[in-house]
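Asker: My questions will all concern the structure given below.
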Amino acid sequence: MARNENWSDEENSVLVNAYLDMLRHELQDEAYVKADVNRMLQGVLGRGRGSIEFKMANVSAVLREMSFPFVNGYKPYPNIQASLRDRVRAEILRRHDLTDLAFEAMTSPIEDVVPSVTWAEGLPPVVGLSDRVAAPGQRVGRWDFVELEATNRALGAAGERAVLARERALLVGAGEHRLADRVEHVSQTVGDGLGFDIRSFELDGSDKLIEVKTTKLGSHWPMVLSRNEVDVSAAEGDKYYLYRLHDFRPESVKFYALRGDLREVCDLRAETFQALPSARAEVGGF
C-alpha cells in the first residue's frame with residue numbers, strides 16, 4: 001500500500017533527480033517514456049502512481065516559479081512542499097550543464113513550418129500568475145528563460161510567418177482571394193511598434209489584428225507582453241487577437257487564441273520597470 005505521510009528529503013531528492021533527467025532528454029530532443037520513469041519510482045519509493053504524478057506536477061510548478069523550462073505534460077500544480085522547492089532550487093544550481101542545455105534550447109533558431117504543417121487549436125490553460133510566482137526573487141541561476149525565449153527573434157519570426165501563411169490560406173479556402181492578397185505582415189513592412197504583427201481580415205472584410213507569441217514549450221509556459229501590446233488590445237477590442245503558438249515544430253503547431261483586451265483575458269504582472277529619477281528625488285553625495 002502506498003504511504004500517505006509527507007515526503008522525506010531523501011524521497012524528494014530521488015524524484016527531483018528523475019524529473020530533471022526527463023527534462024534533460026526533452027531539452028536534447030531525446031525520446032523517453034514517462035510511464036517507465038513512474039514505474040521505476042514506484043519500486044524505489046514504494047509510493048503509488050498518482051502520488052508520484054502529483055509530485056512531478058509540483059516540480060513543474062517550482063521550475064515555472066523560477067522561469068526555468070519544465071517537462072511538457074506535467075501541468076504545474078502550485079501546492080508545493082517547502083522542502084521540495086528547496087531541493088529543486090538546489091539541484092538547478094548544481095546542474096550547470098542543464099542550464100546550458102536550456103539556454104541552447106531557448107535561443108536556437110528553428111526552421112519554418114512545412115507547407116503540410118498540422119495545426120491543432122486548443123483551449124487556453126486556466127492559470128493565473130498567483131499560481132506560478134511564490135515570492136519575488138524566486139529565479140535561480142543566470143537566466144530568466146521566459147524573457148530569454150521572448151528575445152529569440154528567429155523563433156518569433158518563424159511563428160509570425162506560419163500564422164501569416166495560415167491566415168491567407170483560410171481566406172483563400174473561403175473564396176476570399178482579394179482579402180487574402182491584402183493580409184500583411186506589418187511587423188516586417190511597417191515595424192514592430194504597432195502592437196500587433198499581422199493585419200488579417202474576418203470573412204466580412206473587417207480587420208483582424210493578430211499578435212503572435214511563439215514557444216517551443218507547452219501551453220503552460222508564460223509569455224512576455226509589452227505595454228504597447230496591452231494598450232493596443234484595449235483600444236482595438238474585438239479586432240485584436242493574440243495567437244499563442246506552443247509546442248512549435250516545423251511539422252506541427254499547437255495554439256490557442258485570445259481575443260480582445262489583454263487586461264481582461266490575461267493575468268498580467270509587471271516584472272520590471274523603466275525608471276529615471278523623479279523631481280521628488282533627494283540629491284545626495286558620497
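Going through the C-alpha cells in order, the chains are called A, B, and so on, while each chain numbers its residues from 1 and the ligands are numbered from 1 in the order shown.
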Can you list, as a list in words, every protein, DNA or RNA residue that comes within 8 Å of Val186 (chain A) when you count only C-alpha atoms, leaving out same-chain residues fewer than 2 positions away?
Answerer: Glu184, Gln188, Thr189, Val190, Gly191, Asp192, Leu194, Phe196, Asp197, Ile198 and Arg199 of chain A
Asker: List as a list in words the protein and nucleic acid residues near region 103-108 of chain A, meaning an atom at most 7 Å away when only C-alpha atoms are counted, but skip any in the same chain fewer than 5 places from it.
Answerer: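 The residues that qualify are Leu27, Leu148, Glu149 and Asn152 of chain A.
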Asker: Excluding region 123-125 of chain A and residues on its chain fewer than 2 positions from it, collect all residues at most 8 Å away from it, counting only C-alpha atoms, and give them as number ranges by chain.
Answerer: A: 121, 127, 219-220, 256-258
Asker: Closest to Lys239 (chain A) among A:Asp207, A:Val265, A:Ala174, A:Phe255, using only C-alpha atoms?
Answerer: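 Closest to Lys239 (chain A) of all the choices is A:Asp207.
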Asker: What does the distance from CA of Ser187 (chain A) to CA of Glu160 (chain A) come to in Å, to one decimal?
Answerer: 9.0 Å
Asker: Among region 42-250 of chain A, which residues does DSSP mark as strand (DSSP E) when it is run on the backbone? Keep the chain and numbering as in the structure and answer as an MDAnalysis selection string.
Answerer: chainID A and resid 118:121 198:201 207:214 240:249
Asker: Emit the selected residues as a CSV table (one decimal), in the first residue's frame, including C-alpha atoms.
Answerer:
```csv
chain,number,residue,atom,x,y,z
A,118,THR,CA,-0.6,20.3,-38.9
A,119,TRP,CA,-2.4,23.0,-36.8
A,120,ALA,CA,-4.1,21.9,-33.6
A,121,GLU,CA,-6.2,24.6,-31.9
A,198,ILE,CA,-0.2,40.7,-38.8
A,199,ARG,CA,-3.2,42.6,-40.2
A,200,SER,CA,-5.7,40.0,-41.5
A,201,PHE,CA,-9.4,40.0,-42.1
A,207,ASP,CA,-9.9,44.0,-39.6
A,208,LYS,CA,-8.3,41.1,-37.6
A,209,LEU,CA,-5.2,42.3,-35.8
A,210,ILE,CA,-3.0,39.5,-34.7
A,211,GLU,CA,-0.2,39.5,-32.2
A,212,VAL,CA,1.8,36.2,-32.3
A,213,LYS,CA,3.7,34.7,-29.4
A,214,THR,CA,5.6,31.5,-30.1
A,240,TYR,CA,-7.4,42.2,-31.6
A,241,TYR,CA,-6.3,38.6,-31.3
A,242,LEU,CA,-3.3,37.0,-29.5
A,243,TYR,CA,-2.3,33.7,-31.1
A,244,ARG,CA,-0.2,31.7,-28.6
A,245,LEU,CA,1.7,29.1,-30.6
A,246,HIS,CA,3.2,26.4,-28.4
A,247,ASP,CA,4.9,23.1,-28.9
A,248,PHE,CA,6.2,24.8,-32.1
A,249,ARG,CA,7.8,22.4,-34.6
```
Asker: Skipping near chain neighbours, those fewer than 2 positions away, what residues fall within 12 Å of Cys266 (chain A) using only C-alpha atoms, listed as a list in words?
Answerer: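 So, after excluding close chain neighbours, the residues are Pro124, Pro125, Val126, Val127, Gly128, Leu129, Pro222, Met223, Val224, Leu225, Val230, Ser233, Leu242, Arg244, Ala257, Leu258, Arg259, Gly260, Asp261, Leu262, Arg263, Glu264, Leu268 and Arg269 of chain A.
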Asker: Tell me which of A:Ala270, A:Leu98, A:Ala154, A:Val183 sits closest to Arg168 (chain A), counting only C-alpha atoms.
Answerer: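 Ranked by minimum distance to Arg168 (chain A), first place goes to A:Val183.
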Asker: What does the distance between CA of Asp181 (chain A) and CA of Val253 (chain A) come to in Å, to one decimal place?
Answerer: 23.6 Å
Asker: Please list as an MDAnalysis selection string every residue within 12 Å of Ala82 (chain A), counting only C-alpha atoms and excluding residues in the same chain fewer than 5 positions away.
Answerer: chainID A and resid 6:9 12 58:59 62 87:89 134
Asker: Let me see the file: selected residues, N, CA, C and O atoms, as a PDB file, in the first residue's frame.
Answerer:
```pdb
ATOM      1  N   ASN A   6       3.999  12.777   4.718  1.00  0.00           N
ATOM      2  CA  ASN A   6       4.745  13.729   3.903  1.00  0.00           C
ATOM      3  C   ASN A   6       5.999  13.084   3.335  1.00  0.00           C
ATOM      4  O   ASN A   6       6.604  12.197   3.943  1.00  0.00           O
ATOM      5  N   TRP A   7       6.399  13.577   2.202  1.00  0.00           N
ATOM      6  CA  TRP A   7       7.596  13.053   1.558  1.00  0.00           C
ATOM      7  C   TRP A   7       8.836  13.505   2.324  1.00  0.00           C
ATOM      8  O   TRP A   7       8.944  14.662   2.730  1.00  0.00           O
ATOM      9  N   SER A   8       9.780  12.609   2.473  1.00  0.00           N
ATOM     10  CA  SER A   8      11.037  12.930   3.162  1.00  0.00           C
ATOM     11  C   SER A   8      11.977  13.643   2.194  1.00  0.00           C
ATOM     12  O   SER A   8      11.778  13.640   0.971  1.00  0.00           O
ATOM     13  N   ASP A   9      13.030  14.240   2.736  1.00  0.00           N
ATOM     14  CA  ASP A   9      14.036  14.896   1.901  1.00  0.00           C
ATOM     15  C   ASP A   9      14.673  13.895   0.938  1.00  0.00           C
ATOM     16  O   ASP A   9      14.959  14.234  -0.227  1.00  0.00           O
ATOM     17  N   ASN A  12      12.210  13.183  -1.887  1.00  0.00           N
ATOM     18  CA  ASN A  12      12.180  14.341  -2.792  1.00  0.00           C
ATOM     19  C   ASN A  12      13.411  14.364  -3.683  1.00  0.00           C
ATOM     20  O   ASN A  12      13.326  14.675  -4.880  1.00  0.00           O
ATOM     21  N   ASN A  58       4.211  19.183  -9.001  1.00  0.00           N
ATOM     22  CA  ASN A  58       4.774  20.160  -8.076  1.00  0.00           C
ATOM     23  C   ASN A  58       6.148  20.647  -8.535  1.00  0.00           C
ATOM     24  O   ASN A  58       6.472  21.835  -8.433  1.00  0.00           O
ATOM     25  N   VAL A  59       6.963  19.730  -9.050  1.00  0.00           N
ATOM     26  CA  VAL A  59       8.287  20.118  -9.543  1.00  0.00           C
ATOM     27  C   VAL A  59       8.136  21.087 -10.722  1.00  0.00           C
ATOM     28  O   VAL A  59       8.853  22.089 -10.814  1.00  0.00           O
ATOM     29  N   VAL A  62       7.460  24.517  -9.373  1.00  0.00           N
ATOM     30  CA  VAL A  62       8.652  25.171  -8.836  1.00  0.00           C
ATOM     31  C   VAL A  62       9.506  25.727  -9.976  1.00  0.00           C
ATOM     32  O   VAL A  62       9.970  26.872  -9.930  1.00  0.00           O
ATOM     33  N   ARG A  87      14.775  21.552  -2.642  1.00  0.00           N
ATOM     34  CA  ARG A  87      15.541  20.537  -3.361  1.00  0.00           C
ATOM     35  C   ARG A  87      15.656  20.879  -4.846  1.00  0.00           C
ATOM     36  O   ARG A  87      16.728  20.751  -5.444  1.00  0.00           O
ATOM     37  N   VAL A  88      14.563  21.331  -5.449  1.00  0.00           N
ATOM     38  CA  VAL A  88      14.600  21.693  -6.871  1.00  0.00           C
ATOM     39  C   VAL A  88      15.579  22.840  -7.092  1.00  0.00           C
ATOM     40  O   VAL A  88      16.414  22.803  -8.004  1.00  0.00           O
ATOM     41  N   ARG A  89      15.490  23.863  -6.262  1.00  0.00           N
ATOM     42  CA  ARG A  89      16.377  25.020  -6.416  1.00  0.00           C
ATOM     43  C   ARG A  89      17.846  24.608  -6.266  1.00  0.00           C
ATOM     44  O   ARG A  89      18.718  25.049  -7.032  1.00  0.00           O
ATOM     45  N   ALA A 134       5.730  32.399  -6.317  1.00  0.00           N
ATOM     46  CA  ALA A 134       5.572  32.276  -4.874  1.00  0.00           C
ATOM     47  C   ALA A 134       5.986  33.551  -4.156  1.00  0.00           C
ATOM     48  O   ALA A 134       5.372  33.947  -3.182  1.00  0.00           O
TER      49      ALA A 134
END
```
Asker: Quick one: of A:Asn228, A:Ser252, A:Asn72, A:Thr151, who's nearest to Asp29 (chain A), counting only C-alpha atoms?
Answerer: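 Closest to Asp29 (chain A), using only C-alpha atoms: A:Asn72.
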Asker: So how far away is CA of Glu53 (chain A) from CA of Pro78 (chain A), in Å?
Answerer: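 A separation of 13.4 Å between them.
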Asker: Looking at only C-alpha atoms, which of A:Asp21, A:Glu202, A:Glu11, A:Glu30 is the one that sits closest to Arg47 (chain A)?
Answerer: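 Looking only at the distances to Arg47 (chain A), the closest residue turns out to be A:Glu11.
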